[in-house]
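**Q** Structure file coords30.cif, mmCIF, C-alpha atoms, is pasted below:
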```cif
data_model
loop_
_atom_site.group_PDB
_atom_site.id
_atom_site.type_symbol
_atom_site.label_atom_id
_atom_site.label_comp_id
_atom_site.auth_asym_id
_atom_site.auth_seq_id
_atom_site.Cartn_x
_atom_site.Cartn_y
_atom_site.Cartn_z
ATOM 1 C CA MET A 1079 72.743 28.580 197.773
ATOM 2 C CA ALA A 1080 69.545 26.524 197.937
ATOM 3 C CA ASN A 1081 67.154 27.043 200.778
ATOM 4 C CA PRO A 1082 67.533 24.135 203.243
ATOM 5 C CA SER A 1083 63.760 24.036 203.627
ATOM 6 C CA ASP A 1084 63.342 23.281 199.907
ATOM 7 C CA ILE A 1085 62.400 19.680 199.390
ATOM 8 C CA SER A 1086 63.706 17.898 196.325
ATOM 9 C CA TRP A 1087 61.238 16.294 193.950
ATOM 10 C CA GLN A 1088 62.628 12.880 194.992
ATOM 11 C CA ASP A 1089 61.779 13.568 198.628
ATOM 12 C CA LYS A 1090 58.327 14.806 197.629
ATOM 13 C CA LEU A 1091 57.853 11.635 195.593
ATOM 14 C CA ARG A 1092 58.911 9.378 198.469
ATOM 15 C CA ARG A 1093 56.562 11.210 200.844
ATOM 16 C CA SER A 1094 53.673 10.953 198.401
ATOM 17 C CA MET A 1095 54.297 7.232 197.935
ATOM 18 C CA ARG A 1096 54.481 6.620 201.702
ATOM 19 C CA ARG A 1097 51.171 8.478 202.177
ATOM 20 C CA ALA A 1098 49.647 6.560 199.234
ATOM 21 C CA ASP A 1099 48.980 9.939 197.594
ATOM 22 C CA PHE A 1100 49.327 8.415 194.162
ATOM 23 C CA GLU A 1101 47.882 11.355 192.279
ATOM 24 C CA SER A 1102 50.600 13.686 193.610
ATOM 25 C CA ALA A 1103 53.256 11.040 192.981
ATOM 26 C CA GLU A 1104 52.089 10.608 189.390
ATOM 27 C CA ASP A 1105 52.122 14.373 188.827
ATOM 28 C CA LEU A 1106 55.688 14.607 190.135
ATOM 29 C CA CYS A 1107 56.795 11.705 187.951
ATOM 30 C CA PHE A 1108 55.131 12.963 184.791
ATOM 31 C CA GLU A 1109 56.718 16.374 185.288
ATOM 32 C CA GLN A 1110 60.149 14.813 185.817
ATOM 33 C CA LEU A 1111 59.759 12.420 182.870
ATOM 34 C CA LEU A 1112 59.287 15.420 180.569
ATOM 35 C CA GLU A 1113 62.848 16.436 181.431
ATOM 36 C CA GLU A 1114 64.314 12.953 181.782
ATOM 37 C CA PRO A 1115 62.232 10.293 179.957
ATOM 38 C CA ASP A 1116 64.256 7.359 181.322
ATOM 39 C CA ASN A 1117 64.267 8.375 184.982
ATOM 40 C CA VAL A 1118 64.397 5.041 186.824
ATOM 41 C CA LEU A 1119 62.897 6.405 190.046
ATOM 42 C CA CYS A 1120 59.835 7.765 188.227
ATOM 43 C CA LEU A 1121 59.362 4.681 186.078
ATOM 44 C CA THR A 1122 59.641 2.458 189.143
ATOM 45 C CA ALA A 1123 57.229 4.603 191.177
ATOM 46 C CA LEU A 1124 54.682 4.644 188.345
ATOM 47 C CA GLY A 1125 55.043 0.859 188.092
ATOM 48 C CA GLN A 1126 54.400 0.520 191.821
ATOM 49 C CA ILE A 1127 51.309 2.708 191.554
ATOM 50 C CA ALA A 1128 49.971 0.635 188.658
ATOM 51 C CA HIS A 1129 50.737 -2.575 190.574
ATOM 52 C CA LYS A 1130 48.955 -1.345 193.709
ATOM 53 C CA ARG A 1131 45.954 -0.416 191.595
ATOM 54 C CA GLY A 1132 45.905 -3.935 190.152
ATOM 55 C CA ASP A 1133 47.027 -2.942 186.652
ATOM 56 C CA LEU A 1134 49.678 -5.609 186.187
ATOM 57 C CA SER A 1135 50.080 -4.993 182.443
ATOM 58 C CA ASP A 1136 51.075 -1.356 182.944
ATOM 59 C CA ALA A 1137 53.198 -2.228 185.988
ATOM 60 C CA ILE A 1138 55.152 -4.809 183.969
ATOM 61 C CA ILE A 1139 55.679 -2.366 181.095
ATOM 62 C CA LEU A 1140 56.921 0.368 183.439
ATOM 63 C CA TYR A 1141 59.190 -1.979 185.410
ATOM 64 C CA ARG A 1142 60.674 -3.324 182.164
ATOM 65 C CA LYS A 1143 61.343 0.218 180.962
ATOM 66 C CA ALA A 1144 62.997 0.983 184.323
ATOM 67 C CA THR A 1145 65.253 -2.081 184.062
ATOM 68 C CA LEU A 1146 66.243 -1.082 180.531
ATOM 69 C CA SER A 1147 66.994 2.493 181.540
ATOM 70 C CA SER A 1148 69.102 1.411 184.498
ATOM 71 C CA PRO A 1149 70.286 -2.203 184.199
ATOM 72 C CA GLY A 1150 72.434 -1.961 187.331
ATOM 73 C CA HIS A 1151 69.546 -1.168 189.700
ATOM 74 C CA ILE A 1152 68.173 -4.226 191.471
ATOM 75 C CA GLU A 1153 64.896 -2.770 192.777
ATOM 76 C CA PRO A 1154 63.098 -2.469 189.406
ATOM 77 C CA ARG A 1155 64.117 -6.054 188.584
ATOM 78 C CA LEU A 1156 62.677 -7.336 191.843
ATOM 79 C CA LEU A 1157 59.466 -5.375 191.373
ATOM 80 C CA LEU A 1158 59.208 -6.694 187.811
ATOM 81 C CA ALA A 1159 59.726 -10.250 189.062
ATOM 82 C CA ARG A 1160 56.978 -9.807 191.690
ATOM 83 C CA ALA A 1161 54.569 -8.386 189.093
ATOM 84 C CA LEU A 1162 55.349 -11.263 186.726
ATOM 85 C CA LEU A 1163 54.719 -13.777 189.521
ATOM 86 C CA ASP A 1164 51.456 -12.028 190.376
ATOM 87 C CA ASN A 1165 50.521 -12.246 186.699
ATOM 88 C CA GLY A 1166 51.296 -15.991 186.576
ATOM 89 C CA GLU A 1167 54.379 -15.571 184.374
ATOM 90 C CA ILE A 1168 56.532 -17.917 186.455
ATOM 91 C CA SER A 1169 59.298 -18.553 183.900
ATOM 92 C CA ALA A 1170 59.710 -14.868 183.000
ATOM 93 C CA ALA A 1171 59.842 -14.028 186.702
ATOM 94 C CA GLY A 1172 62.609 -16.603 187.146
ATOM 95 C CA SER A 1173 64.709 -14.954 184.436
ATOM 96 C CA CYS A 1174 64.250 -11.593 186.137
ATOM 97 C CA ILE A 1175 65.262 -12.984 189.509
ATOM 98 C CA VAL A 1176 68.396 -14.592 188.057
ATOM 99 C CA LYS A 1177 69.393 -11.203 186.597
ATOM 100 C CA ALA A 1178 68.760 -9.531 189.955
ATOM 101 C CA LEU A 1179 70.858 -12.153 191.747
ATOM 102 C CA SER A 1180 73.662 -11.585 189.235
ATOM 103 C CA LEU A 1181 73.783 -8.014 190.574
ATOM 104 C CA ASP A 1182 73.818 -9.143 194.225
ATOM 105 C CA GLU A 1183 73.730 -12.851 195.025
ATOM 106 C CA THR A 1184 73.208 -12.188 198.743
ATOM 107 C CA HIS A 1185 70.179 -9.907 198.316
ATOM 108 C CA ILE A 1186 67.511 -11.166 200.726
ATOM 109 C CA GLU A 1187 64.454 -10.090 198.725
ATOM 110 C CA ALA A 1188 65.882 -11.568 195.503
ATOM 111 C CA ARG A 1189 66.516 -14.888 197.241
ATOM 112 C CA ASN A 1190 63.050 -14.794 198.801
ATOM 113 C CA LEU A 1191 61.519 -14.192 195.363
ATOM 114 C CA LEU A 1192 63.608 -17.040 193.954
ATOM 115 C CA ALA A 1193 62.199 -19.354 196.605
ATOM 116 C CA ASP A 1194 58.656 -18.150 195.844
ATOM 117 C CA GLN A 1195 59.167 -18.606 192.103
ATOM 118 C CA THR A 1196 60.708 -22.045 192.649
ATOM 119 C CA LEU A 1197 57.788 -23.064 194.851
ATOM 120 C CA ARG A 1198 55.259 -21.852 192.269
ATOM 121 C CA SER A 1199 57.048 -23.798 189.552
ATOM 122 C CA GLY A 1200 56.541 -26.959 191.599
ATOM 123 C CA ASN A 1201 60.086 -27.547 192.831
ATOM 124 C CA ILE A 1202 59.092 -27.778 196.477
ATOM 125 C CA GLU A 1203 62.316 -29.299 197.831
ATOM 126 C CA VAL A 1204 64.549 -26.620 196.328
ATOM 127 C CA ALA A 1205 62.194 -23.865 197.486
ATOM 128 C CA ALA A 1206 62.233 -25.287 201.024
ATOM 129 C CA GLU A 1207 66.059 -25.352 200.930
ATOM 130 C CA ILE A 1208 66.209 -21.683 199.886
ATOM 131 C CA TYR A 1209 63.727 -20.656 202.581
ATOM 132 C CA ALA A 1210 65.569 -22.745 205.188
ATOM 133 C CA ALA A 1211 68.908 -21.152 204.238
ATOM 134 C CA LEU A 1212 67.397 -17.684 204.613
ATOM 135 C CA PHE A 1213 65.901 -18.678 207.955
ATOM 136 C CA GLU A 1214 69.241 -20.068 209.171
ATOM 137 C CA GLU A 1215 70.878 -16.767 208.242
ATOM 138 C CA GLN A 1216 68.604 -15.152 210.822
ATOM 139 C CA VAL A 1217 66.322 -13.618 208.213
ATOM 140 C CA ARG A 1218 63.148 -13.249 210.219
ATOM 141 C CA ASP A 1219 61.154 -11.732 207.407
ATOM 142 C CA LYS A 1220 57.439 -12.591 207.456
ATOM 143 C CA GLY A 1221 57.646 -13.703 203.808
ATOM 144 C CA VAL A 1222 60.493 -16.108 204.539
ATOM 145 C CA LEU A 1223 58.644 -17.712 207.444
ATOM 146 C CA GLU A 1224 55.425 -17.913 205.436
ATOM 147 C CA GLY A 1225 57.244 -19.382 202.432
ATOM 148 C CA LEU A 1226 59.030 -21.939 204.573
ATOM 149 C CA GLY A 1227 55.710 -22.981 206.094
ATOM 150 C CA ASN A 1228 54.063 -23.206 202.662
ATOM 151 C CA ALA A 1229 56.891 -25.345 201.300
ATOM 152 C CA TYR A 1230 56.702 -27.781 204.200
ATOM 153 C CA ARG A 1231 52.908 -28.034 203.940
ATOM 154 C CA MET A 1232 53.070 -29.096 200.273
#
```
Could you quickly redo this structure as C-alpha cells?

**A**
Amino acid sequence: MANPSDISWQDKLRRSMRRADFESAEDLCFEQLLEEPDNVLCLTALGQIAHKRGDLSDAIILYRKATLSSPGHIEPRLLLARALLDNGEISAAGSCIVKALSLDETHIEARNLLADQTLRSGNIEVAAEIYAALFEEQVRDKGVLEGLGNAYRM
C-alpha cells in the first residue's frame, strides 16, 4: 500500500504551478512526458508556462498538441483560444471557442472568451449581448464586468 504522505506528480505539479515555480513544474512535466508523450496535463502546464513567459508561439504549439491528445478536455481549448487572442489571431481563436462550446455550451469562461473574441472582431452589439447575458446569470466575474463595460464604451 502506498504511503499516504507520498504526493503524486500531479499534486507536485499543481503546487509548483501555484507557487510559480516553473522550473520544478517543467522538470516534472518533462519527466512525465518521457513515459507518456501525450499527457494533456503536462502539455497544458508547459503551455501555461510558455504563455506566462510571453512565448506565445510555444504556448500555442503546446496547447494545440494538448487539444489533439485529448479532444474532450475543454481547458486546453480555452487556453489555446486565449493565447490566439493574445497573439491577434482572432478568427482562429473563434474556431477554438466554438469547439470548446460544443463540449459545454454553458461554460462561463468559454462564453466570456466568445464575447471577448466577438468584441475584438468588431461585433460590439453581439459581444455586449453575450456579456449582458452572463451578467444577468449572476456571473460576477471581473472579466465579464470589464468586458461589458468595454462593449458599452465602444

**Q** Of the residues A:Arg1160, A:Lys1090, A:Arg1097, A:His1151, which is the one nearest to Ala1137 in chain A, using only C-alpha atoms?

**A** A:Arg1160

**Q** Using only C-alpha atoms, find the one residue out of A:Leu1134, A:Leu1197, A:Met1095, A:Ile1208 that sits nearest to Ile1168 in chain A.

**A**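 Nearest candidate to Ile1168 in chain A out of A:Leu1134, A:Leu1197, A:Met1095, A:Ile1208: A:Leu1197.
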
**Q** Taking the file as I've supplied it (selection: the PyMOL selection byres ((chain A and resi 1088) around 10)), which residues are included? Please answer as a ChimeraX atom specification.

**A** /A:1085-1087,1089-1094,1103,1106-1107,1110,1119-1120

**Q** What does the distance from CA of Ser1102 in chain A to CA of Thr1122 in chain A come to in Å, to one decimal?

**A** 15.1 Å

**Q** What is the CA of Arg1142 in chain A to CA of Arg1096 in chain A distance in Å?

**A**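 Separating CA of Arg1142 in chain A from CA of Arg1096 in chain A is a distance of 22.8 Å.
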
**Q** Quick one, how far is CA of Ile1175 in chain A from CA of Arg1155 in chain A?

**A**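 Calculated distance between CA of Ile1175 in chain A and CA of Arg1155 in chain A is 7.1 Å.
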
**Q** Expanded to explicit residues, what is the PyMOL selection byres ((chain A and resi 1188-1194) around 7) for this file, as a PyMOL selection string?

**A** chain A and resi 1156+1172+1175+1178-1179+1185-1187+1195-1198+1205+1208-1209+1222+1225
